[in-house]
file coords-v5.pdb (PDB, C-alpha atoms and all ligand atoms)
ATOM      1  CA  MET A   1     -38.019 -13.674 -10.151
ATOM      2  CA  ARG A   2     -36.716 -13.322  -6.579
ATOM      3  CA  LEU A   3     -33.079 -14.155  -5.786
ATOM      4  CA  ASN A   4     -34.213 -16.989  -3.481
ATOM      5  CA  ASP A   5     -35.888 -18.670  -6.447
ATOM      6  CA  TYR A   6     -32.673 -19.091  -8.447
ATOM      7  CA  ASP A   7     -31.253 -22.600  -8.531
ATOM      8  CA  THR A   8     -27.791 -22.290  -6.960
ATOM      9  CA  THR A   9     -26.828 -25.952  -7.031
ATOM     10  CA  ASN A  10     -24.565 -25.571 -10.066
ATOM     11  CA  LYS A  11     -21.604 -24.031  -8.239
ATOM     12  CA  MET A  12     -18.337 -23.248  -9.998
ATOM     13  CA  SER A  13     -15.146 -21.854  -8.636
ATOM     14  CA  ALA A  14     -13.368 -19.033 -10.410
ATOM     15  CA  SER A  15     -10.165 -17.145  -9.764
ATOM     16  CA  VAL A  16      -9.565 -13.449 -10.115
ATOM     17  CA  VAL A  17      -7.384 -12.737 -13.132
ATOM     18  CA  SER A  18      -7.450  -8.984 -12.574
ATOM     19  CA  SER A  19      -9.445  -6.307 -10.827
ATOM     20  CA  THR A  20      -9.032  -2.753 -12.057
ATOM     21  CA  ARG A  21     -10.679   0.388 -10.831
ATOM     22  CA  ILE A  22     -12.193   2.138 -13.867
ATOM     23  CA  THR A  23     -13.178   5.359 -12.138
ATOM     24  CA  PRO A  24     -10.521   7.787 -10.828
ATOM     25  CA  GLU A  25      -9.358   7.409  -7.215
ATOM     26  CA  ASP A  26     -10.772  10.829  -6.348
ATOM     27  CA  SER A  27     -14.248   9.935  -7.625
ATOM     28  CA  LYS A  28     -16.906   9.040  -5.032
ATOM     29  CA  THR A  29     -18.002   6.194  -7.305
ATOM     30  CA  GLU A  30     -15.840   3.100  -7.386
ATOM     31  CA  LEU A  31     -16.458   0.953 -10.431
ATOM     32  CA  ARG A  32     -14.229  -2.036 -11.018
ATOM     33  CA  HIS A  33     -13.672  -4.160 -14.087
ATOM     34  CA  ILE A  34     -13.079  -7.672 -12.789
ATOM     35  CA  ASP A  35     -11.918 -10.597 -14.927
ATOM     36  CA  LEU A  36     -12.682 -14.058 -13.521
ATOM     37  CA  ALA A  37     -11.282 -17.328 -14.907
ATOM     38  CA  VAL A  38     -14.033 -19.917 -14.502
ATOM     39  CA  ASP A  39     -12.699 -23.266 -13.389
ATOM     40  CA  SER A  40     -14.852 -25.266 -15.800
ATOM     41  CA  ILE A  41     -13.991 -25.826 -19.445
ATOM     42  CA  ASP A  42     -17.691 -26.466 -20.167
ATOM     43  CA  PHE A  43     -18.758 -23.038 -18.989
ATOM     44  CA  SER A  44     -20.429 -20.903 -21.618
ATOM     45  CA  TYR A  45     -22.818 -17.967 -21.555
ATOM     46  CA  GLU A  46     -24.883 -15.942 -23.965
ATOM     47  CA  VAL A  47     -24.732 -12.207 -24.391
ATOM     48  CA  GLY A  48     -27.154 -10.635 -21.938
ATOM     49  CA  GLN A  49     -26.855 -13.277 -19.243
ATOM     50  CA  SER A  50     -25.951 -12.632 -15.605
ATOM     51  CA  ILE A  51     -23.823 -14.650 -13.225
ATOM     52  CA  GLY A  52     -24.502 -15.261  -9.549
ATOM     53  CA  VAL A  53     -21.771 -14.553  -7.007
ATOM     54  CA  LEU A  54     -21.920 -16.337  -3.653
ATOM     55  CA  VAL A  55     -20.512 -14.403  -0.724
ATOM     56  CA  PRO A  56     -19.161 -16.881   1.816
ATOM     57  CA  GLY A  57     -20.700 -16.687   5.279
ATOM     58  CA  PRO A  58     -21.515 -17.040   8.022
ATOM     59  CA  HIS A  59     -23.823 -14.027   7.775
ATOM     60  CA  GLU A  60     -26.320 -12.528  10.200
ATOM     61  CA  PHE A  61     -29.463 -14.510  11.019
ATOM     62  CA  GLY A  62     -27.779 -17.811  10.144
ATOM     63  CA  VAL A  63     -27.679 -17.036   6.424
ATOM     64  CA  LYS A  64     -25.159 -19.458   4.915
ATOM     65  CA  GLU A  65     -24.693 -17.943   1.487
ATOM     66  CA  TYR A  66     -25.438 -14.547   0.186
ATOM     67  CA  MET A  67     -26.112 -14.352  -3.540
ATOM     68  CA  ARG A  68     -26.159 -11.407  -5.942
ATOM     69  CA  LEU A  69     -26.408 -11.251  -9.720
ATOM     70  CA  TYR A  70     -24.025  -9.421 -12.054
ATOM     71  CA  SER A  71     -24.362  -8.901 -15.802
ATOM     72  CA  ILE A  72     -21.575 -10.502 -17.764
ATOM     73  CA  ALA A  73     -19.766  -7.574 -19.387
ATOM     74  CA  GLY A  74     -17.955  -9.682 -21.967
ATOM     75  CA  SER A  75     -15.256 -12.314 -22.223
ATOM     76  CA  GLY A  76     -11.719 -11.577 -21.117
ATOM     77  CA  GLU A  77      -8.581 -13.020 -22.643
ATOM     78  CA  ASP A  78      -8.335 -16.667 -21.599
ATOM     79  CA  ASP A  79      -5.398 -19.069 -21.363
ATOM     80  CA  GLY A  80      -6.992 -21.460 -23.842
ATOM     81  CA  ILE A  81      -8.295 -23.638 -21.009
ATOM     82  CA  ASN A  82     -10.470 -21.722 -18.575
ATOM     83  CA  PRO A  83     -13.011 -19.269 -19.968
ATOM     84  CA  VAL A  84     -12.682 -15.737 -18.597
ATOM     85  CA  ILE A  85     -15.687 -13.502 -17.954
ATOM     86  CA  SER A  86     -15.672  -9.797 -17.161
ATOM     87  CA  LEU A  87     -17.877  -8.045 -14.616
ATOM     88  CA  CYS A  88     -18.380  -4.328 -14.089
ATOM     89  CA  VAL A  89     -19.078  -3.875 -10.379
ATOM     90  CA  LYS A  90     -20.009  -0.788  -8.430
ATOM     91  CA  ARG A  91     -19.013  -0.698  -4.750
ATOM     92  CA  CYS A  92     -22.370  -0.098  -3.057
ATOM     93  CA  PHE A  93     -23.417   1.295   0.288
ATOM     94  CA  TYR A  94     -26.822   1.751   1.800
ATOM     95  CA  ILE A  95     -28.297   3.835   4.576
ATOM     96  CA  ASP A  96     -30.316   1.893   7.140
ATOM     97  CA  ASP A  97     -33.805   3.440   7.266
ATOM     98  CA  PHE A  98     -34.071   2.683  10.977
ATOM     99  CA  ASN A  99     -30.828   4.032  12.429
ATOM    100  CA  GLY A 100     -29.597   6.196   9.529
ATOM    101  CA  GLU A 101     -26.208   4.481   9.532
ATOM    102  CA  ARG A 102     -24.249   3.705   6.382
ATOM    103  CA  TYR A 103     -23.491   0.061   5.684
ATOM    104  CA  GLU A 104     -21.422  -1.619   3.023
ATOM    105  CA  GLY A 105     -23.281  -3.708   0.478
ATOM    106  CA  LYS A 106     -22.030  -7.245   1.123
ATOM    107  CA  ALA A 107     -21.581  -8.686  -2.356
ATOM    108  CA  SER A 108     -20.273  -5.605  -4.141
ATOM    109  CA  ASN A 109     -17.711  -4.888  -1.388
ATOM    110  CA  TYR A 110     -16.694  -8.537  -1.323
ATOM    111  CA  LEU A 111     -16.144  -8.464  -5.102
ATOM    112  CA  CYS A 112     -14.410  -5.083  -5.141
ATOM    113  CA  ASP A 113     -12.005  -6.216  -2.373
ATOM    114  CA  LEU A 114     -10.922  -9.368  -4.219
ATOM    115  CA  LYS A 115      -7.288  -9.475  -5.295
ATOM    116  CA  GLU A 116      -5.619 -11.219  -8.214
ATOM    117  CA  GLY A 117      -5.546 -14.981  -7.569
ATOM    118  CA  ASP A 118      -8.400 -14.982  -5.041
ATOM    119  CA  GLU A 119     -11.041 -17.691  -5.442
ATOM    120  CA  VAL A 120     -14.735 -16.974  -5.716
ATOM    121  CA  THR A 121     -17.816 -19.196  -6.088
ATOM    122  CA  LEU A 122     -20.147 -18.528  -9.015
ATOM    123  CA  VAL A 123     -23.538 -19.918  -9.952
ATOM    124  CA  GLY A 124     -25.468 -19.676 -13.186
ATOM    125  CA  PRO A 125     -25.406 -18.190 -15.747
ATOM    126  CA  TYR A 126     -28.995 -16.934 -15.536
ATOM    127  CA  ASN A 127     -31.547 -14.929 -17.476
ATOM    128  CA  LEU A 128     -31.650 -14.398 -21.162
ATOM    129  CA  ALA A 129     -32.932 -10.899 -21.042
ATOM    130  CA  PHE A 130     -31.185  -9.712 -24.157
ATOM    131  CA  THR A 131     -31.146 -11.800 -27.282
ATOM    132  CA  LEU A 132     -29.670 -10.468 -30.482
ATOM    133  CA  PRO A 133     -31.878 -10.583 -33.577
ATOM    134  CA  LYS A 134     -30.582 -12.935 -36.256
ATOM    135  CA  GLU A 135     -30.866 -10.327 -39.001
ATOM    136  CA  LYS A 136     -27.744  -8.203 -39.102
ATOM    137  CA  ASP A 137     -29.649  -5.281 -40.595
ATOM    138  CA  ALA A 138     -31.764  -4.903 -37.443
ATOM    139  CA  ASN A 139     -31.316  -1.636 -35.540
ATOM    140  CA  LEU A 140     -30.237  -1.895 -31.918
ATOM    141  CA  LEU A 141     -31.124   0.883 -29.495
ATOM    142  CA  MET A 142     -29.376   0.294 -26.170
ATOM    143  CA  ILE A 143     -29.962   2.422 -23.101
ATOM    144  CA  GLY A 144     -27.897   1.729 -19.989
ATOM    145  CA  LEU A 145     -27.043   3.986 -17.078
ATOM    146  CA  GLY A 146     -24.309   3.278 -14.512
ATOM    147  CA  THR A 147     -23.491  -0.414 -14.350
ATOM    148  CA  GLY A 148     -26.291  -0.946 -16.895
ATOM    149  CA  ILE A 149     -23.509  -0.539 -19.456
ATOM    150  CA  ALA A 150     -22.225  -4.045 -18.609
ATOM    151  CA  PRO A 151     -24.449  -6.147 -20.907
ATOM    152  CA  PHE A 152     -24.014  -3.595 -23.708
ATOM    153  CA  ARG A 153     -20.237  -3.799 -23.528
ATOM    154  CA  ALA A 154     -20.672  -7.538 -24.062
ATOM    155  CA  PHE A 155     -23.109  -6.856 -26.927
ATOM    156  CA  ILE A 156     -20.847  -4.414 -28.709
ATOM    157  CA  LYS A 157     -17.761  -6.620 -28.378
ATOM    158  CA  HIS A 158     -19.778  -9.604 -29.606
ATOM    159  CA  ILE A 159     -21.255  -7.767 -32.590
ATOM    160  CA  TYR A 160     -18.076  -6.158 -33.871
ATOM    161  CA  ASN A 161     -15.363  -8.591 -32.716
ATOM    162  CA  GLU A 162     -17.037 -11.982 -32.886
ATOM    163  CA  LEU A 163     -19.776 -11.513 -35.522
ATOM    164  CA  GLY A 164     -17.529  -9.288 -37.631
ATOM    165  CA  GLY A 165     -19.842  -6.284 -37.798
ATOM    166  CA  TRP A 166     -23.448  -5.173 -37.945
ATOM    167  CA  GLU A 167     -25.374  -3.585 -40.812
ATOM    168  CA  GLY A 168     -28.232  -1.962 -38.899
ATOM    169  CA  ASP A 169     -27.805   1.138 -36.746
ATOM    170  CA  VAL A 170     -26.345   0.415 -33.317
ATOM    171  CA  ARG A 171     -26.990   3.244 -30.868
ATOM    172  CA  LEU A 172     -25.835   3.304 -27.255
ATOM    173  CA  TYR A 173     -27.128   5.804 -24.707
ATOM    174  CA  HIS A 174     -25.064   5.453 -21.565
ATOM    175  CA  GLY A 175     -24.693   7.672 -18.559
ATOM    176  CA  ALA A 176     -23.231   8.528 -15.202
ATOM    177  CA  MET A 177     -23.401  11.444 -12.808
ATOM    178  CA  ARG A 178     -20.022  12.765 -14.012
ATOM    179  CA  GLY A 179     -17.977  12.189 -17.167
ATOM    180  CA  ILE A 180     -15.125  10.675 -15.130
ATOM    181  CA  GLU A 181     -17.548   8.007 -13.889
ATOM    182  CA  LEU A 182     -18.655   6.872 -17.349
ATOM    183  CA  ALA A 183     -17.665   3.218 -17.401
ATOM    184  CA  TYR A 184     -15.495   2.195 -20.354
ATOM    185  CA  MET A 185     -15.467   5.757 -21.653
ATOM    186  CA  ASN A 186     -13.190   7.777 -19.389
ATOM    187  CA  ASP A 187      -9.451   8.356 -18.834
ATOM    188  CA  GLN A 188      -9.136   5.135 -16.837
ATOM    189  CA  ASN A 189     -10.614   2.862 -19.471
ATOM    190  CA  ALA A 190     -11.936   3.878 -22.878
ATOM    191  CA  ASP A 191     -12.790   0.443 -24.216
ATOM    192  CA  LEU A 192     -15.821   1.686 -26.117
ATOM    193  CA  GLU A 193     -13.709   4.115 -28.126
ATOM    194  CA  TYR A 194     -12.385   1.174 -30.169
ATOM    195  CA  TYR A 195     -15.811   0.888 -31.773
ATOM    196  CA  TYR A 196     -16.229   4.568 -32.651
ATOM    197  CA  ASP A 197     -14.843   4.014 -36.126
ATOM    198  CA  GLN A 198     -17.436   1.330 -36.850
ATOM    199  CA  GLU A 199     -19.733   2.844 -39.449
ATOM    200  CA  THR A 200     -22.947   1.603 -37.829
ATOM    201  CA  PHE A 201     -22.075   2.452 -34.205
ATOM    202  CA  LYS A 202     -22.712   5.684 -32.326
ATOM    203  CA  ALA A 203     -22.663   6.317 -28.575
ATOM    204  CA  PHE A 204     -24.281   9.208 -26.737
ATOM    205  CA  GLN A 205     -23.511  10.225 -23.195
ATOM    206  CA  ALA A 206     -25.950  11.412 -20.551
ATOM    207  CA  LEU A 207     -24.494  13.159 -17.496
ATOM    208  CA  SER A 208     -25.941  14.992 -14.509
ATOM    209  CA  PRO A 209     -26.131  18.758 -15.124
ATOM    210  CA  ARG A 210     -25.415  19.351 -11.396
ATOM    211  CA  ALA A 211     -23.809  16.270  -9.925
ATOM    212  CA  HIS A 212     -22.911  18.102  -6.667
ATOM    213  CA  PHE A 213     -26.615  18.463  -5.949
ATOM    214  CA  ASP A 214     -27.418  14.890  -7.006
ATOM    215  CA  VAL A 215     -29.494  16.100  -9.954
ATOM    216  CA  PRO A 216     -30.282  12.954 -11.992
ATOM    217  CA  VAL A 217     -28.509  12.073 -15.199
ATOM    218  CA  ASP A 218     -29.957  14.026 -18.141
ATOM    219  CA  LEU A 219     -31.043  11.063 -20.235
ATOM    220  CA  GLU A 220     -33.930  13.103 -21.591
ATOM    221  CA  GLY A 221     -31.527  15.768 -22.921
ATOM    222  CA  ALA A 222     -29.256  13.172 -24.573
ATOM    223  CA  ILE A 223     -32.212  11.480 -26.267
ATOM    224  CA  ALA A 224     -33.864  14.802 -27.193
ATOM    225  CA  GLN A 225     -30.722  15.865 -29.073
ATOM    226  CA  ASN A 226     -31.267  12.897 -31.369
ATOM    227  CA  ALA A 227     -35.055  12.953 -31.254
ATOM    228  CA  ASP A 228     -35.565  12.532 -35.010
ATOM    229  CA  GLU A 229     -33.318   9.511 -35.207
ATOM    230  CA  VAL A 230     -34.823   7.885 -32.097
ATOM    231  CA  TRP A 231     -38.342   8.454 -33.429
ATOM    232  CA  THR A 232     -37.435   6.964 -36.804
ATOM    233  CA  MET A 233     -35.848   3.970 -35.091
ATOM    234  CA  LEU A 234     -38.853   3.379 -32.829
ATOM    235  CA  GLN A 235     -41.194   3.302 -35.815
ATOM    236  CA  ASP A 236     -39.008   0.919 -37.775
ATOM    237  CA  PRO A 237     -40.135  -2.709 -37.359
ATOM    238  CA  LYS A 238     -36.472  -3.694 -37.608
ATOM    239  CA  THR A 239     -35.607  -1.902 -34.336
ATOM    240  CA  TYR A 240     -34.893  -3.694 -31.043
ATOM    241  CA  VAL A 241     -34.742  -1.744 -27.772
ATOM    242  CA  TYR A 242     -32.699  -2.877 -24.759
ATOM    243  CA  VAL A 243     -32.756  -1.109 -21.395
ATOM    244  CA  ALA A 244     -30.446  -1.879 -18.439
ATOM    245  CA  GLY A 245     -29.622  -0.401 -15.076
ATOM    246  CA  LEU A 246     -30.993   0.549 -11.692
ATOM    247  CA  LYS A 247     -34.734   1.118 -11.460
ATOM    248  CA  GLN A 248     -34.382   4.926 -11.731
ATOM    249  CA  ILE A 249     -33.700   4.395 -15.439
ATOM    250  CA  ARG A 250     -37.356   3.495 -15.937
ATOM    251  CA  GLU A 251     -38.625   6.969 -14.991
ATOM    252  CA  LEU A 252     -35.860   8.813 -16.854
ATOM    253  CA  LEU A 253     -36.393   6.807 -20.025
ATOM    254  CA  ASP A 254     -40.183   7.027 -19.875
ATOM    255  CA  GLY A 255     -39.905  10.829 -19.495
ATOM    256  CA  ALA A 256     -37.587  11.056 -22.499
ATOM    257  CA  LEU A 257     -39.565   8.771 -24.794
ATOM    258  CA  VAL A 258     -43.019  10.143 -23.945
ATOM    259  CA  LYS A 259     -41.773  13.465 -25.377
ATOM    260  CA  ILE A 260     -40.600  11.777 -28.544
ATOM    261  CA  VAL A 261     -43.610   9.560 -29.102
ATOM    262  CA  GLY A 262     -46.069  12.353 -28.254
ATOM    263  CA  SER A 263     -48.116  11.210 -25.239
ATOM    264  CA  PRO A 264     -47.876   8.710 -22.352
ATOM    265  CA  GLU A 265     -50.636   6.606 -23.972
ATOM    266  CA  ALA A 266     -48.948   6.480 -27.375
ATOM    267  CA  TYR A 267     -45.621   5.630 -25.737
ATOM    268  CA  GLU A 268     -47.129   2.828 -23.637
ATOM    269  CA  GLN A 269     -48.844   1.448 -26.725
ATOM    270  CA  GLN A 270     -45.604   1.530 -28.697
ATOM    271  CA  ARG A 271     -43.664  -0.118 -25.852
ATOM    272  CA  ALA A 272     -46.322  -2.817 -25.345
ATOM    273  CA  LYS A 273     -46.330  -3.555 -29.089
ATOM    274  CA  MET A 274     -42.541  -3.905 -29.149
ATOM    275  CA  ILE A 275     -42.585  -6.133 -26.039
ATOM    276  CA  ASP A 276     -45.241  -8.316 -27.712
ATOM    277  CA  GLU A 277     -43.115  -8.609 -30.829
ATOM    278  CA  GLY A 278     -40.021  -9.494 -28.785
ATOM    279  CA  ARG A 279     -38.340  -6.221 -29.725
ATOM    280  CA  TRP A 280     -38.155  -4.561 -26.300
ATOM    281  CA  ALA A 281     -36.218  -6.096 -23.404
ATOM    282  CA  GLU A 282     -35.360  -4.708 -19.995
ATOM    283  CA  LEU A 283     -32.875  -5.694 -17.318
ATOM    284  CA  ILE A 284     -33.823  -3.444 -14.428
ATOM    285  CA  TYR A 285     -32.597  -4.002 -10.889
TER     286      TYR A 285
HETATM  287  P1  LIG B   1     -27.019  -4.564  -1.120
HETATM  288  O1  LIG B   1     -27.061  -4.546   0.348
HETATM  289  O2  LIG B   1     -27.793  -5.593  -1.825
HETATM  290  O3  LIG B   1     -27.444  -3.133  -1.736
HETATM  291  C1  LIG B   1     -26.813  -1.913  -1.344
HETATM  292  C2  LIG B   1     -27.431  -0.712  -2.029
HETATM  293  O4  LIG B   1     -26.878  -0.546  -3.342
HETATM  294  C3  LIG B   1     -28.949  -0.767  -2.245
HETATM  295  O5  LIG B   1     -29.465   0.476  -1.839
HETATM  296  C4  LIG B   1     -29.109  -0.961  -3.756
HETATM  297  O6  LIG B   1     -30.288  -0.354  -4.242
HETATM  298  C5  LIG B   1     -27.897  -0.246  -4.307
HETATM  299  N1  LIG B   1     -27.407  -0.780  -5.587
HETATM  300  C6  LIG B   1     -27.481  -2.057  -6.035
HETATM  301  N2  LIG B   1     -26.882  -2.177  -7.252
HETATM  302  C7  LIG B   1     -26.406  -0.969  -7.568
HETATM  303  C8  LIG B   1     -25.688  -0.467  -8.705
HETATM  304  N3  LIG B   1     -25.316  -1.276  -9.700
HETATM  305  N4  LIG B   1     -25.374   0.861  -8.710
HETATM  306  C9  LIG B   1     -25.739   1.669  -7.670
HETATM  307  N5  LIG B   1     -26.414   1.249  -6.577
HETATM  308  C10 LIG B   1     -26.749  -0.047  -6.520
HETATM  309  N6  LIG B   1     -24.485  -4.538 -10.036
HETATM  310  C11 LIG B   1     -23.301  -4.157 -10.556
HETATM  311  O7  LIG B   1     -22.494  -3.475  -9.896
HETATM  312  N7  LIG B   1     -22.965  -4.514 -11.850
HETATM  313  C12 LIG B   1     -23.765  -5.267 -12.640
HETATM  314  O8  LIG B   1     -23.419  -5.563 -13.797
HETATM  315  C13 LIG B   1     -25.015  -5.706 -12.074
HETATM  316  N8  LIG B   1     -25.857  -6.482 -12.802
HETATM  317  C14 LIG B   1     -27.026  -6.923 -12.246
HETATM  318  C15 LIG B   1     -27.856  -7.759 -13.002
HETATM  319  C16 LIG B   1     -29.050  -8.216 -12.467
HETATM  320  C17 LIG B   1     -29.939  -9.134 -13.283
HETATM  321  C18 LIG B   1     -29.426  -7.807 -11.153
HETATM  322  C19 LIG B   1     -30.718  -8.273 -10.545
HETATM  323  C20 LIG B   1     -28.599  -6.991 -10.405
HETATM  324  C21 LIG B   1     -27.384  -6.543 -10.927
HETATM  325  N9  LIG B   1     -26.514  -5.740 -10.175
HETATM  326  C22 LIG B   1     -25.322  -5.313 -10.737
HETATM  327  C23 LIG B   1     -26.771  -5.384  -8.772
HETATM  328  C24 LIG B   1     -26.121  -6.440  -7.832
HETATM  329  O9  LIG B   1     -26.807  -7.675  -7.976
HETATM  330  C25 LIG B   1     -26.200  -6.054  -6.354
HETATM  331  O10 LIG B   1     -27.531  -5.731  -6.044
HETATM  332  C26 LIG B   1     -25.312  -4.891  -5.985
HETATM  333  O11 LIG B   1     -23.946  -5.194  -6.223
HETATM  334  C27 LIG B   1     -25.471  -4.557  -4.490
HETATM  335  O12 LIG B   1     -25.294  -5.733  -3.745
HETATM  336  P2  LIG B   1     -24.655  -5.666  -2.288
HETATM  337  O13 LIG B   1     -24.812  -6.986  -1.637
HETATM  338  O14 LIG B   1     -23.286  -5.078  -2.335
HETATM  339  O15 LIG B   1     -25.507  -4.563  -1.536
END

call {"tool": "encode", "arguments": {"input": "coords-v5.pdb", "output": "structure tokens"}}
result
Amino acid sequence: MRLNDYDTTNKMSASVVSSTRITPEDSKTELRHIDLAVDSIDFSYEVGQSIGVLVPGPHEFGVKEYMRLYSIAGSGEDDGINPVISLCVKRCFYIDDFNGERYEGKASNYLCDLKEGDEVTLVGPYNLAFTLPKEKDANLLMIGLGTGIAPFRAFIKHIYNELGGWEGDVRLYHGAMRGIELAYMNDQNADLEYYYDQETFKAFQALSPRAHFDVPVDLEGAIAQNADEVWTMLQDPKTYVYVAGLKQIRELLDGALVKIVGSPEAYEQQRAKMIDEGRWAELIY
């Protein structure tokens, strides 16, 4: 679905409760954890949904509003009145193909520049890409690179804090170019560590072997180290796979899983079967 096709009539205002940088100041990558108090007591969302952020104009070419989607990374602590949602936002830039100049991404810079108390307009929530199986003994295999961790943070918090635990195996493969840029698992913020003592939860990290040279994150290596477990999980009809992140994740994951399943054909067959059975969901942007 294209962004223009989303219904943006249901506007809500929200105020910034906090905005915290969760990557070190000296890292090239700025990720921020932003808590927003939604000014609507009726607001609710489901794990896996995204929220639309409207960047106030006027913009070039007479564009009135500029909309971008962000995965809801969980609920923040509320005041008992207004629900609080968390976002994990990366400050983005892009290079113009025509003149080679570097420009700031509008929505991510707008969000990352917001200060406590600032107002923002939200729309949604949208998409139900990731639904949790009802059976608590289902296995969950989550793969998210970069900001793709956002829906999984919401998942993990929901499973262990709100549902009171999970019986099946919960495996998270997350990654970043450098360890210091691993969202929710670095010196700035190690939220995910709280779940390490959960018997059914394990997280594996994929990093770039040569970040200076922009060598991609070694997702294949991280998955290969646990090849037997991943293979067993993929064959188990109780396993659900969730994939989230920028589109590069597709190629990295395909490369890793083709090796485990045996051939591109067998992997595609397995993936198609799991999609058919509602056991494979992707949120790729
Ligand atoms: P744009 O001008 O739109 O893009 C600038 C450049 O940044 C482009 O080259 C683009 O490819 C690249 N880019 C976009 N997103 C990212 C990213 N996350 N990491 C690295 N490079 C990127 N973004 C988040 O930061 N956190 C989220 O949780 C998140 N969830 C999303 C969920 C969905 C369903 C979708 C469709 C997108 C999601 N995005 C998320 C991306 C977000 O919607 C914006 O595209 C992004 O913030 C860039 O918008 P912009 O206006 O700043 O820059």

call {"tool": "closest_residue", "arguments": {"input": "coords-v5.pdb", "among": "A:Val63, A:Val241, A:Ala256, A:Val89", "to": "A:Met274", "atoms": "only C-alpha atoms"}}
result
A:Val241

call {"tool": "closest_residue", "arguments": {"input": "coords-v5.pdb", "among": "A:Gly124, A:Lys134, A:Ala107, A:Ser86", "to": "A:Thr20", "atoms": "all atoms listed in the file"}}
result
A:Ser86

call {"tool": "resolve_selection", "arguments": {"input": "coords-v5.pdb", "expression": "the PyMOL selection byres (((chain A and resi 71) around 12) and not hetatm)", "output": "ChimeraX atom specification"}}
result
/A:33-34,45-53,68-70,72-75,85-90,124-130,144,147-155,244-245,283-285

call {"tool": "atom_distance", "arguments": {"input": "coords-v5.pdb", "atom1": "atom CA of A:Leu31", "atom2": "atom CA of A:Glu119"}}
result
20.0 Å

call {"tool": "closest_residue", "arguments": {"input": "coords-v5.pdb", "among": "A:Ala206, A:Glu104, A:Leu257, A:Asp35", "to": "A:Val17", "atoms": "all atoms listed in the file"}}
result
A:Asp35

call {"tool": "resolve_selection", "arguments": {"input": "coords-v5.pdb", "expression": "the PyMOL selection byres (((chain A and resi 211-227) around 8) and not hetatm)", "output": "ChimeraX atom specification"}}
result
/A:173,175-178,204-210,228-231,252-253,255-257,260

call {"tool": "closest_residue", "arguments": {"input": "coords-v5.pdb", "among": "A:Leu234, A:Leu54, A:Met12, A:Leu141", "to": "ligand LIG 1 (chain B)", "atoms": "all atoms listed in the file"}}
result
A:Leu54
